[in-house]
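Colleague: Take a look at final-v3.txt, compact mmCIF, C-alpha atoms:
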# COMPACT_ATOMS: atom_id res chain seq x y z
CA MET A 7 -61.03 85.25 -205.78
CA ALA A 8 -63.43 88.15 -206.25
CA SER A 9 -64.19 88.29 -202.54
CA HIS A 10 -60.49 88.32 -201.72
CA LYS A 11 -59.92 91.18 -204.15
CA GLU A 12 -62.87 93.04 -202.67
CA LYS A 13 -61.56 92.58 -199.14
CA MET A 14 -58.07 93.74 -200.15
CA GLN A 15 -59.57 96.69 -202.05
CA LYS A 16 -61.57 97.80 -199.02
CA GLN A 17 -58.51 97.59 -196.81
CA LYS A 18 -56.50 99.59 -199.35
CA GLU A 19 -59.18 102.27 -199.48
CA LYS A 20 -59.24 102.51 -195.69
CA VAL A 21 -55.44 102.85 -195.47
CA ASP A 22 -55.38 105.39 -198.32
CA ALA A 23 -58.11 107.43 -196.65
CA ASN A 24 -56.16 107.53 -193.38
CA ILE A 25 -52.98 108.58 -195.15
CA ALA A 26 -54.81 111.25 -197.17
CA LYS A 27 -56.39 112.68 -194.03
CA ALA A 28 -53.01 113.12 -192.31
CA GLU A 29 -51.59 116.41 -193.57
CA ILE A 30 -49.59 117.87 -190.69
CA ASP A 31 -45.87 117.47 -191.37
CA ARG A 32 -43.79 117.81 -188.20
CA GLY A 33 -41.69 115.87 -185.76
CA THR A 34 -43.66 113.74 -183.31
CA VAL A 35 -43.34 112.73 -179.67
CA LEU A 36 -43.55 108.99 -179.07
CA LEU A 37 -43.89 107.29 -175.69
CA LEU A 38 -43.13 103.55 -175.57
CA THR A 39 -44.28 102.21 -172.23
CA GLY A 40 -45.59 99.01 -170.59
CA ASN A 41 -43.91 96.01 -168.95
CA GLY A 42 -43.13 94.00 -172.11
CA LYS A 43 -39.93 93.53 -174.10
CA GLY A 44 -39.50 95.93 -177.02
CA LYS A 45 -39.45 99.50 -175.68
CA SER A 46 -35.75 100.41 -175.98
CA SER A 47 -35.21 98.09 -178.95
CA SER A 48 -38.01 99.90 -180.79
CA ALA A 49 -36.32 103.24 -180.12
CA PHE A 50 -33.05 101.86 -181.52
CA GLY A 51 -34.89 100.53 -184.56
CA MET A 52 -35.96 104.10 -185.30
CA VAL A 53 -32.35 105.21 -184.82
CA LEU A 54 -31.33 102.64 -187.44
CA ARG A 55 -34.05 103.92 -189.80
CA CYS A 56 -32.84 107.51 -189.30
CA LEU A 57 -29.28 106.43 -190.14
CA GLY A 58 -30.66 104.92 -193.36
CA HIS A 59 -32.12 108.32 -194.24
CA GLY A 60 -28.92 110.14 -193.28
CA TYR A 61 -30.46 111.92 -190.27
CA ARG A 62 -28.47 112.80 -187.14
CA VAL A 63 -29.69 111.38 -183.82
CA GLY A 64 -29.13 112.31 -180.18
CA ILE A 65 -29.43 109.61 -177.50
CA ALA A 66 -29.58 109.88 -173.72
CA GLN A 67 -29.75 106.67 -171.70
CA PHE A 68 -31.03 107.11 -168.18
CA ILE A 69 -30.52 104.17 -165.76
CA LYS A 70 -28.26 102.13 -168.07
CA GLY A 71 -24.62 102.92 -168.37
CA THR A 72 -22.17 100.63 -166.62
CA TYR A 73 -22.34 97.46 -168.71
CA PHE A 74 -21.70 96.49 -172.31
CA THR A 75 -24.64 96.86 -174.69
CA GLY A 76 -24.86 96.25 -178.42
CA GLU A 77 -26.45 99.64 -179.03
CA LYS A 78 -23.65 101.53 -177.29
CA GLU A 79 -20.94 99.50 -179.01
CA PHE A 80 -22.49 100.15 -182.40
CA LEU A 81 -23.66 103.76 -182.06
CA ALA A 82 -21.21 105.53 -179.76
CA PRO A 83 -18.31 105.46 -182.26
CA MET A 84 -20.50 106.99 -185.04
CA THR A 85 -19.77 110.46 -183.71
CA ASP A 86 -20.61 112.26 -186.97
CA MET A 87 -24.19 110.92 -186.99
CA ILE A 88 -24.84 110.04 -183.34
CA GLU A 89 -24.58 111.95 -180.06
CA PHE A 90 -24.52 109.24 -177.39
CA HIS A 91 -24.84 110.08 -173.67
CA GLN A 92 -25.42 107.89 -170.62
CA MET A 93 -26.23 108.57 -167.00
CA GLY A 94 -23.36 106.25 -166.25
CA THR A 95 -24.30 105.24 -162.71
CA GLY A 96 -25.75 101.85 -163.64
CA PHE A 97 -29.12 100.63 -162.53
CA THR A 98 -30.64 102.74 -159.81
CA TRP A 99 -31.21 99.64 -157.70
CA GLU A 100 -27.52 98.90 -157.91
CA THR A 101 -26.21 102.28 -156.85
CA GLN A 102 -28.62 102.51 -153.92
CA ASP A 103 -27.62 106.10 -153.46
CA LYS A 104 -30.46 108.48 -154.13
CA SER A 105 -28.57 111.77 -153.99
CA GLN A 106 -25.89 110.48 -156.38
CA ASP A 107 -28.59 109.28 -158.79
CA ILE A 108 -30.41 112.63 -158.70
CA GLU A 109 -27.16 114.44 -159.41
CA ALA A 110 -26.41 112.14 -162.35
CA ALA A 111 -29.95 112.53 -163.72
CA LYS A 112 -29.78 116.32 -163.52
CA LYS A 113 -26.38 116.36 -165.19
CA LEU A 114 -27.68 114.27 -168.09
CA TRP A 115 -30.81 116.43 -168.30
CA VAL A 116 -28.66 119.53 -168.97
CA ILE A 117 -27.23 117.70 -172.00
CA VAL A 118 -30.75 116.66 -173.11
CA GLU A 119 -31.95 120.27 -172.97
CA LYS A 120 -29.16 121.21 -175.39
CA MET A 121 -30.12 118.37 -177.75
CA LEU A 122 -33.76 119.50 -177.63
CA LYS A 123 -32.60 122.86 -179.01
CA ASP A 124 -30.29 121.42 -181.68
CA GLU A 125 -31.88 121.66 -185.13
CA SER A 126 -29.30 119.29 -186.59
CA LEU A 127 -30.78 116.43 -184.54
CA TYR A 128 -33.72 114.86 -186.38
CA LEU A 129 -34.47 112.44 -183.55
CA VAL A 130 -33.75 112.53 -179.82
CA VAL A 131 -34.07 109.26 -177.86
CA LEU A 132 -34.66 109.54 -174.11
CA ASP A 133 -34.21 105.91 -173.08
CA GLU A 134 -35.73 104.97 -169.69
CA LEU A 135 -36.63 108.58 -168.94
CA THR A 136 -39.94 107.58 -167.35
CA TYR A 137 -38.18 106.20 -164.27
CA MET A 138 -36.72 109.63 -163.59
CA ILE A 139 -40.28 110.95 -163.40
CA ALA A 140 -41.49 108.01 -161.30
CA TYR A 141 -38.64 108.46 -158.79
CA ASN A 142 -39.08 112.26 -158.77
CA TYR A 143 -35.49 112.72 -159.93
CA LEU A 144 -36.63 115.04 -162.73
CA ASP A 145 -39.72 117.24 -162.95
CA GLU A 146 -42.36 116.14 -165.48
CA ASP A 147 -43.43 119.71 -166.32
CA VAL A 148 -39.85 120.78 -166.99
CA ILE A 149 -39.42 117.77 -169.29
CA ILE A 150 -42.63 118.50 -171.23
CA ASP A 151 -41.78 122.19 -171.59
CA ALA A 152 -38.37 121.40 -173.05
CA ILE A 153 -39.85 118.89 -175.50
CA ARG A 154 -42.68 121.27 -176.49
CA ASN A 155 -40.14 123.98 -177.40
CA ARG A 156 -37.94 121.72 -179.57
CA PRO A 157 -37.32 122.41 -183.29
CA GLU A 158 -40.45 121.62 -185.35
CA SER A 159 -38.77 118.95 -187.47
CA GLN A 160 -37.36 117.06 -184.46
CA SER A 161 -38.99 113.89 -183.15
CA VAL A 162 -38.56 112.59 -179.60
CA VAL A 163 -38.86 108.98 -178.44
CA ILE A 164 -39.24 108.30 -174.71
CA THR A 165 -39.06 104.77 -173.30
CA GLY A 166 -39.68 103.14 -169.94
CA ARG A 167 -42.44 101.62 -167.83
CA GLY A 168 -45.02 104.01 -166.45
CA GLY A 169 -44.51 107.60 -167.52
CA GLY A 170 -46.44 110.47 -165.97
CA ALA A 171 -50.06 111.15 -166.92
CA ALA A 172 -49.14 114.56 -168.33
CA LEU A 173 -46.44 113.04 -170.53
CA LYS A 174 -48.88 110.43 -171.87
CA ASP A 175 -51.36 113.16 -172.60
CA PHE A 176 -48.72 115.31 -174.32
CA ALA A 177 -47.21 112.59 -176.56
CA ASP A 178 -48.52 112.23 -180.14
CA THR A 179 -48.07 108.46 -180.21
CA VAL A 180 -48.29 106.19 -177.17
CA SER A 181 -47.70 102.44 -177.43
CA GLU A 182 -48.13 100.19 -174.43
CA ILE A 183 -45.99 97.08 -174.75
CA LYS A 184 -47.64 94.33 -172.75
CA ALA A 185 -45.70 91.23 -171.73
CA ILE A 186 -47.85 88.24 -172.68
CA LYS A 187 -44.83 86.13 -171.68
CA HIS A 188 -41.07 86.54 -171.38
CA ALA A 189 -38.37 83.93 -171.97
CA TYR A 190 -36.77 84.42 -168.52
CA GLN A 191 -39.98 83.18 -166.91
CA ALA A 192 -39.18 79.83 -168.54
CA GLY A 193 -35.63 79.99 -167.16
CA ILE A 194 -33.96 81.29 -170.34
CA LYS A 195 -31.07 83.69 -169.76
CA MET A 196 -30.90 87.26 -171.07
CA ARG A 197 -29.16 87.27 -174.40
CA ASN A 198 -26.61 89.55 -176.05
CA GLY A 199 -28.00 91.22 -179.14
CA ILE A 200 -31.57 90.51 -178.06
CA ASP A 201 -31.77 91.97 -174.56
CA LEU A 202 -28.41 93.74 -174.32
CA MET B 209 -33.17 108.09 -147.30
CA ALA B 210 -33.17 104.72 -145.51
CA SER B 211 -36.60 103.82 -146.91
CA HIS B 212 -35.48 104.70 -150.41
CA LYS B 213 -32.41 102.50 -150.01
CA GLU B 214 -34.57 99.69 -148.69
CA LYS B 215 -36.95 99.97 -151.63
CA MET B 216 -34.08 99.96 -154.13
CA GLN B 217 -32.44 97.05 -152.30
CA LYS B 218 -35.63 94.99 -152.48
CA GLN B 219 -35.98 95.70 -156.18
CA LYS B 220 -32.34 94.75 -156.76
CA GLU B 221 -32.81 91.47 -154.89
CA LYS B 222 -35.90 90.66 -156.95
CA VAL B 223 -34.10 91.37 -160.23
CA ASP B 224 -31.03 89.41 -159.11
CA ALA B 225 -33.20 86.45 -158.09
CA ASN B 226 -34.88 86.42 -161.51
CA ILE B 227 -31.53 86.57 -163.30
CA ALA B 228 -30.07 83.82 -161.10
CA LYS B 229 -33.06 81.57 -161.75
CA ALA B 230 -32.65 81.82 -165.52
CA GLU B 231 -29.99 79.29 -166.49
CA ILE B 232 -30.93 78.03 -169.94
CA ASP B 233 -28.60 79.54 -172.54
CA ARG B 234 -30.05 79.33 -176.05
CA GLY B 235 -31.55 81.41 -178.82
CA THR B 236 -35.12 82.50 -178.25
CA VAL B 237 -38.22 83.01 -180.37
CA LEU B 238 -39.87 86.41 -179.97
CA LEU B 239 -43.27 87.43 -181.31
CA LEU B 240 -44.03 91.15 -181.42
CA THR B 241 -47.71 91.60 -182.14
CA GLY B 242 -50.60 94.03 -181.48
CA ASN B 243 -51.95 97.08 -183.31
CA GLY B 244 -49.53 99.68 -181.90
CA LYS B 245 -46.42 101.30 -183.36
CA GLY B 246 -43.14 99.59 -182.44
CA LYS B 247 -43.21 96.02 -183.77
CA SER B 248 -40.87 96.22 -186.77
CA SER B 249 -38.81 99.01 -185.23
CA SER B 250 -38.21 96.82 -182.17
CA ALA B 251 -36.97 94.02 -184.43
CA PHE B 252 -34.56 96.43 -186.13
CA GLY B 253 -33.36 97.65 -182.73
CA MET B 254 -32.32 94.07 -181.99
CA VAL B 255 -30.57 93.96 -185.38
CA LEU B 256 -28.64 97.08 -184.36
CA ARG B 257 -27.72 95.45 -181.02
CA CYS B 258 -26.51 92.32 -182.84
CA LEU B 259 -24.34 94.45 -185.12
CA GLY B 260 -22.81 95.98 -181.98
CA HIS B 261 -21.90 92.49 -180.81
CA GLY B 262 -20.57 91.51 -184.24
CA TYR B 263 -23.30 88.94 -184.91
CA ARG B 264 -24.62 88.19 -188.41
CA VAL B 265 -28.35 88.69 -189.04
CA GLY B 266 -30.78 87.41 -191.65
CA ILE B 267 -33.87 89.49 -192.48
CA ALA B 268 -36.97 88.62 -194.51
CA GLN B 269 -39.60 91.30 -195.00
CA PHE B 270 -43.01 90.00 -195.96
CA ILE B 271 -45.55 92.57 -197.30
CA LYS B 272 -43.07 95.47 -197.54
CA GLY B 273 -40.81 95.76 -200.50
CA THR B 274 -41.66 98.37 -203.11
CA TYR B 275 -40.90 101.63 -201.32
CA PHE B 276 -37.88 103.26 -199.71
CA THR B 277 -37.31 102.47 -196.04
CA GLY B 278 -34.55 103.56 -193.71
CA GLU B 279 -33.90 99.99 -192.57
CA LYS B 280 -33.37 98.70 -196.12
CA GLU B 281 -31.19 101.66 -197.07
CA PHE B 282 -29.00 101.12 -194.02
CA LEU B 283 -28.87 97.33 -193.79
CA ALA B 284 -29.02 95.98 -197.35
CA PRO B 285 -25.54 97.23 -198.33
CA MET B 286 -23.95 95.59 -195.22
CA THR B 287 -23.70 92.29 -197.07
CA ASP B 288 -20.95 90.86 -194.85
CA MET B 289 -23.11 91.12 -191.72
CA ILE B 290 -26.66 91.23 -193.08
CA GLU B 291 -28.69 89.00 -195.38
CA PHE B 292 -31.61 91.17 -196.52
CA HIS B 293 -34.58 89.72 -198.43
CA GLN B 294 -37.97 91.18 -199.31
CA MET B 295 -41.15 89.74 -200.76
CA GLY B 296 -41.01 92.64 -203.17
CA THR B 297 -44.66 92.79 -204.20
CA GLY B 298 -45.57 95.73 -201.99
CA PHE B 299 -48.51 95.80 -199.66
CA THR B 300 -50.92 92.95 -200.21
CA TRP B 301 -53.81 95.38 -200.46
CA GLU B 302 -51.99 97.19 -203.25
CA THR B 303 -51.27 94.19 -205.45
CA GLN B 304 -54.82 92.83 -205.14
CA ASP B 305 -53.68 89.64 -206.75
CA LYS B 306 -53.87 86.70 -204.41
CA SER B 307 -52.11 84.08 -206.53
CA GLN B 308 -49.18 86.42 -207.22
CA ASP B 309 -48.90 87.17 -203.49
CA ILE B 310 -48.94 83.48 -202.55
CA GLU B 311 -46.22 82.76 -205.08
CA ALA B 312 -44.08 85.63 -203.73
CA ALA B 313 -44.63 84.48 -200.12
CA LYS B 314 -43.64 80.88 -200.95
CA LYS B 315 -40.56 82.07 -202.82
CA LEU B 316 -39.43 84.11 -199.82
CA TRP B 317 -40.22 81.22 -197.48
CA VAL B 318 -37.73 78.98 -199.33
CA ILE B 319 -35.03 81.56 -198.54
CA VAL B 320 -36.19 81.76 -194.91
CA GLU B 321 -35.91 77.98 -194.53
CA LYS B 322 -32.26 78.23 -195.62
CA MET B 323 -31.61 81.02 -193.11
CA LEU B 324 -33.21 78.93 -190.36
CA LYS B 325 -30.57 76.24 -191.04
CA ASP B 326 -27.62 78.67 -191.26
CA GLU B 327 -25.53 78.51 -188.08
CA SER B 328 -23.69 81.70 -189.02
CA LEU B 329 -26.91 83.70 -188.51
CA TYR B 330 -27.31 84.66 -184.85
CA LEU B 331 -30.67 86.32 -185.44
CA VAL B 332 -33.34 85.87 -188.11
CA VAL B 333 -36.01 88.58 -188.43
CA LEU B 334 -39.31 87.59 -190.07
CA ASP B 335 -40.94 91.00 -190.46
CA GLU B 336 -44.75 90.96 -190.96
CA LEU B 337 -44.80 87.16 -191.19
CA THR B 338 -48.05 86.95 -189.20
CA TYR B 339 -50.08 88.27 -192.14
CA MET B 340 -48.93 85.32 -194.24
CA ILE B 341 -50.51 83.06 -191.62
CA ALA B 342 -53.67 85.18 -191.35
CA TYR B 343 -54.17 85.16 -195.14
CA ASN B 344 -53.34 81.43 -195.36
CA TYR B 345 -50.46 82.18 -197.72
CA LEU B 346 -48.09 80.08 -195.59
CA ASP B 347 -48.85 77.17 -193.27
CA GLU B 348 -48.42 77.87 -189.55
CA ASP B 349 -47.28 74.32 -188.74
CA VAL B 350 -44.63 74.40 -191.46
CA ILE B 351 -43.36 77.73 -190.08
CA ILE B 352 -43.20 76.45 -186.50
CA ASP B 353 -41.43 73.23 -187.54
CA ALA B 354 -38.74 75.15 -189.41
CA ILE B 355 -38.18 77.48 -186.45
CA ARG B 356 -38.12 74.60 -183.97
CA ASN B 357 -35.37 72.85 -185.95
CA ARG B 358 -33.12 75.95 -186.20
CA PRO B 359 -29.56 76.02 -184.76
CA GLU B 360 -29.66 76.21 -180.95
CA SER B 361 -27.82 79.53 -180.75
CA GLN B 362 -30.09 81.26 -183.27
CA SER B 363 -32.87 83.63 -182.19
CA VAL B 364 -35.92 84.46 -184.30
CA VAL B 365 -38.03 87.61 -184.15
CA ILE B 366 -41.46 87.61 -185.80
CA THR B 367 -43.51 90.78 -186.19
CA GLY B 368 -47.04 91.64 -187.30
CA ARG B 369 -50.57 91.98 -185.98
CA GLY B 370 -52.32 88.80 -185.02
CA GLY B 371 -50.19 85.70 -185.36
CA GLY B 372 -51.63 82.24 -185.06
CA ALA B 373 -52.49 80.71 -181.69
CA ALA B 374 -49.93 77.94 -182.18
CA LEU B 375 -47.18 80.48 -182.95
CA LYS B 376 -48.04 82.47 -179.80
CA ASP B 377 -47.93 79.29 -177.79
CA PHE B 378 -44.60 78.26 -179.32
CA ALA B 379 -42.76 81.60 -178.90
CA ASP B 380 -40.59 82.11 -175.79
CA THR B 381 -41.36 85.81 -175.56
CA VAL B 382 -44.58 87.45 -176.72
CA SER B 383 -45.12 91.21 -176.49
CA GLU B 384 -48.41 92.78 -177.46
CA ILE B 385 -47.92 96.36 -178.57
CA LYS B 386 -51.15 98.22 -177.90
CA ALA B 387 -51.88 101.55 -179.60
CA ILE B 388 -53.01 103.93 -176.86
CA LYS B 389 -52.91 106.62 -179.56
CA HIS B 390 -51.15 107.22 -182.86
CA ALA B 391 -50.03 110.54 -184.35
CA TYR B 392 -51.91 109.98 -187.64
CA GLN B 393 -55.19 110.03 -185.73
CA ALA B 394 -54.39 113.69 -184.99
CA GLY B 395 -53.67 114.29 -188.69
CA ILE B 396 -49.88 114.00 -188.47
CA LYS B 397 -48.24 112.42 -191.52
CA MET B 398 -46.09 109.29 -191.46
CA ARG B 399 -42.48 110.27 -191.05
CA ASN B 400 -39.22 109.06 -192.56
CA GLY B 401 -36.91 107.59 -189.95
CA ILE B 402 -39.80 107.10 -187.54
CA ASP B 403 -42.36 105.13 -189.54
CA LEU B 404 -40.37 104.33 -192.67
Is it possible to express this structure as structure tokens?
Modeller:
Amino acid sequence: MASHKEKMQKQKEKVDANIAKAEIDRGTVLLLTGNGKGKSSSAFGMVLRCLGHGYRVGIAQFIKGTYFTGEKEFLAPMTDMIEFHQMGTGFTWETQDKSQDIEAAKKLWVIVEKMLKDESLYLVVLDELTYMIAYNYLDEDVIIDAIRNRPESQSVVITGRGGGAALKDFADTVSEIKAIKHAYQAGIKMRNGIDL
Amino acid sequence: MASHKEKMQKQKEKVDANIAKAEIDRGTVLLLTGNGKGKSSSAFGMVLRCLGHGYRVGIAQFIKGTYFTGEKEFLAPMTDMIEFHQMGTGFTWETQDKSQDIEAAKKLWVIVEKMLKDESLYLVVLDELTYMIAYNYLDEDVIIDAIRNRPESQSVVITGRGGGAALKDFADTVSEIKAIKHAYQAGIKMRNGIDL
């Protein structure tokens, strides 16, 4: 019993020390990358948390946009709290039209730049943005500059595999979500509410 | 242009082949583990998706419970769609009372067992459950048995660092969320809506 208490006490002291050390109070930039399940869902979990605190959120979904998703169905109608935008061309590997994709990406980016200047938005989610960098549809330096110049209280969450080296370096928090295994490898279908 | 189209086409074929191969239609068990940010938030993103589809969700939060969180504030009042339960003793390393923690964990587990038999719950979230296994507060085999015998259409998401070997083996999808870096290491405070 004593040793358990000691162990717990040590852990508490360590956590307290870390919390006490952290004194800078500002919005952060989070990059959720890697090949595992949980990148976009994590971003939407933070959206849900923000709604619980009464904060307004701006969302831009790159890539996705032509099919039904739970997040769109739930968030898009909440127009007083949520600004919801999509690239709207569907998966890039479905359109198979590079110039159309670039145009759509640039159009959505113009909207994102406005959100990154909007002090009323506590959080801005840039879902699957990394692919736009990987495909050279959008310029990484332009993206970083716009995020750097955002309102101080605003946080930004970027999701997607990869992500440029400069973006990784710039972000305050980077999580790499590694797929140890995924249900579809065992023949299990994608599932509404879980994957979509 | 042609080579880009070819590349996209190949990727589309690969994705389509994977989707076509997956034919089993049932609820899945997901384990979100690792030391990085994004485990609980990912679970709550799936809750948000389920709400978009009109599915009912059951949530049990182990460890957490004494402080304000965005997820509780948002979800707990939605009693028609959400069943929200918490262990309510706060962080284990704050209570520093092992027998009280075990009692609280077992009490919450009784509620979880009911949720894992409730066909009206499309998703059950067991937030921070892995610590209960690590501390030997709950038995891993008992947990796995209860999850195995759940309704076929129900999915279960488990979050927390670690997680027993048997649980990892049993889960359909396992993502390990690795902290490449975290804002607090640069002295940035935890943030409402993002971390809480």
Colleague: Extract, using all atoms listed in the file, all DNA, RNA and protein residues at most 10 Å from Asp403 of chain B, discarding same-chain residues fewer than 5 positions from it, and format them as a PyMOL selection string.
Modeller: (chain A and resi 52+55-56) or (chain B and resi 245-246+248-249+277-278+397-398)
Colleague: Kindly provide, as a PyMOL selection string, the residues of chain B having any atom no farther than 6 Å from an atom of chain A, counting all atoms listed in the file.
Modeller: chain B and resi 213+216+220+230-233+244+246+249-250+252-254+257-258+260-261+278-279+281-282+301+304+380-392+395-397+401-402
Colleague: May I ask for the distance between atom CA of Gln269 of chain B and atom CA of Lys315 of chain B, given in Å to one decimal place?
Modeller: 12.1 Å
Colleague: Taking all atoms listed in the file into account, name the residue in A:Ala140, A:Ile117, A:Phe90, A:Leu127 that is nearest to Pro157 of chain A.
Modeller: A:Leu127
Colleague: Identify which of the residues B:Leu334, B:Phe378, B:Arg264, B:Thr297 lies closest to Asp349 of chain B, counting only C-alpha atoms when measuring atom-to-atom distances.
Modeller: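 Ranking B:Leu334, B:Phe378, B:Arg264, B:Thr297 by distance to Asp349 of chain B, first place goes to B:Phe378.
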Colleague: Of the candidates A:Val63, A:Val118, A:Val130, A:Ile108, which shows the shortest atom-to-atom distance to Asp86 of chain A, using only C-alpha atoms?
Modeller: A:Val63
Colleague: What does the distance between atom CA of Gly64 of chain A and atom CA of Glu134 of chain A come to in Å, to one decimal place?
Modeller: 14.4 Å
Colleague: I'd like the interatomic distance between atom CA of Met295 of chain B and atom CA of Phe270 of chain B, to a tenth of an Å.
Modeller: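 These atoms are spaced 5.2 Å apart.
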Colleague: Show me that you can extract segment 70-133 of chain A, keeping C-alpha atoms, and write it as a PDB file, in the first residue's frame.
Modeller:
ATOM      1  CA  LYS A  70     -13.229  14.825 -48.844  1.00  0.00           C
ATOM      2  CA  GLY A  71     -16.434  16.361 -50.003  1.00  0.00           C
ATOM      3  CA  THR A  72     -18.684  14.278 -52.221  1.00  0.00           C
ATOM      4  CA  TYR A  73     -20.021  11.644 -49.840  1.00  0.00           C
ATOM      5  CA  PHE A  74     -22.021  11.576 -46.628  1.00  0.00           C
ATOM      6  CA  THR A  75     -20.025  11.848 -43.404  1.00  0.00           C
ATOM      7  CA  GLY A  76     -21.196  11.990 -39.816  1.00  0.00           C
ATOM      8  CA  GLU A  77     -19.082  15.049 -39.088  1.00  0.00           C
ATOM      9  CA  LYS A  78     -20.583  17.058 -41.948  1.00  0.00           C
ATOM     10  CA  GLU A  79     -24.125  15.995 -41.102  1.00  0.00           C
ATOM     11  CA  PHE A  80     -23.653  17.010 -37.484  1.00  0.00           C
ATOM     12  CA  LEU A  81     -21.552  20.169 -37.816  1.00  0.00           C
ATOM     13  CA  ALA A  82     -22.584  21.875 -41.059  1.00  0.00           C
ATOM     14  CA  PRO A  83     -26.060  22.889 -39.797  1.00  0.00           C
ATOM     15  CA  MET A  84     -24.577  24.508 -36.623  1.00  0.00           C
ATOM     16  CA  THR A  85     -23.915  27.701 -38.551  1.00  0.00           C
ATOM     17  CA  ASP A  86     -23.757  29.930 -35.457  1.00  0.00           C
ATOM     18  CA  MET A  87     -20.842  27.953 -33.969  1.00  0.00           C
ATOM     19  CA  ILE A  88     -19.286  26.222 -36.989  1.00  0.00           C
ATOM     20  CA  GLU A  89     -17.972  27.429 -40.347  1.00  0.00           C
ATOM     21  CA  PHE A  90     -17.850  24.293 -42.495  1.00  0.00           C
ATOM     22  CA  HIS A  91     -16.129  24.271 -45.909  1.00  0.00           C
ATOM     23  CA  GLN A  92     -15.171  21.428 -48.241  1.00  0.00           C
ATOM     24  CA  MET A  93     -13.083  21.178 -51.373  1.00  0.00           C
ATOM     25  CA  GLY A  94     -16.039  19.357 -52.827  1.00  0.00           C
ATOM     26  CA  THR A  95     -14.283  17.482 -55.626  1.00  0.00           C
ATOM     27  CA  GLY A  96     -14.136  14.137 -53.819  1.00  0.00           C
ATOM     28  CA  PHE A  97     -11.025  12.077 -53.456  1.00  0.00           C
ATOM     29  CA  THR A  98      -8.212  13.240 -55.673  1.00  0.00           C
ATOM     30  CA  TRP A  99      -7.802   9.726 -57.035  1.00  0.00           C
ATOM     31  CA  GLU A 100     -11.417   9.779 -58.089  1.00  0.00           C
ATOM     32  CA  THR A 101     -11.399  13.062 -59.974  1.00  0.00           C
ATOM     33  CA  GLN A 102      -8.190  12.207 -61.818  1.00  0.00           C
ATOM     34  CA  ASP A 103      -8.035  15.748 -63.055  1.00  0.00           C
ATOM     35  CA  LYS A 104      -5.056  17.608 -61.688  1.00  0.00           C
ATOM     36  CA  SER A 105      -5.894  21.108 -62.922  1.00  0.00           C
ATOM     37  CA  GLN A 106      -9.438  20.883 -61.538  1.00  0.00           C
ATOM     38  CA  ASP A 107      -8.069  19.706 -58.171  1.00  0.00           C
ATOM     39  CA  ILE A 108      -5.532  22.537 -58.006  1.00  0.00           C
ATOM     40  CA  GLU A 109      -8.251  25.062 -58.764  1.00  0.00           C
ATOM     41  CA  ALA A 110     -10.490  23.604 -56.044  1.00  0.00           C
ATOM     42  CA  ALA A 111      -7.614  23.570 -53.529  1.00  0.00           C
ATOM     43  CA  LYS A 112      -6.733  27.197 -54.245  1.00  0.00           C
ATOM     44  CA  LYS A 113     -10.360  28.242 -53.953  1.00  0.00           C
ATOM     45  CA  LEU A 114     -10.650  26.579 -50.544  1.00  0.00           C
ATOM     46  CA  TRP A 115      -7.322  28.089 -49.475  1.00  0.00           C
ATOM     47  CA  VAL A 116      -8.702  31.612 -50.029  1.00  0.00           C
ATOM     48  CA  ILE A 117     -11.459  30.771 -47.523  1.00  0.00           C
ATOM     49  CA  VAL A 118      -8.888  29.306 -45.092  1.00  0.00           C
ATOM     50  CA  GLU A 119      -6.823  32.502 -45.225  1.00  0.00           C
ATOM     51  CA  LYS A 120      -9.906  34.448 -44.129  1.00  0.00           C
ATOM     52  CA  MET A 121     -10.535  32.027 -41.250  1.00  0.00           C
ATOM     53  CA  LEU A 122      -6.889  32.369 -40.164  1.00  0.00           C
ATOM     54  CA  LYS A 123      -7.534  36.108 -39.732  1.00  0.00           C
ATOM     55  CA  ASP A 124     -10.876  35.730 -37.938  1.00  0.00           C
ATOM     56  CA  GLU A 125     -10.489  36.361 -34.203  1.00  0.00           C
ATOM     57  CA  SER A 126     -13.918  34.894 -33.502  1.00  0.00           C
ATOM     58  CA  LEU A 127     -12.636  31.434 -34.500  1.00  0.00           C
ATOM     59  CA  TYR A 128     -10.966  29.737 -31.533  1.00  0.00           C
ATOM     60  CA  LEU A 129      -9.979  26.682 -33.571  1.00  0.00           C
ATOM     61  CA  VAL A 130      -9.391  26.144 -37.291  1.00  0.00           C
ATOM     62  CA  VAL A 131      -9.296  22.544 -38.579  1.00  0.00           C
ATOM     63  CA  LEU A 132      -7.472  21.927 -41.854  1.00  0.00           C
ATOM     64  CA  ASP A 133      -8.473  18.320 -42.521  1.00  0.00           C
TER      65      ASP A 133
END
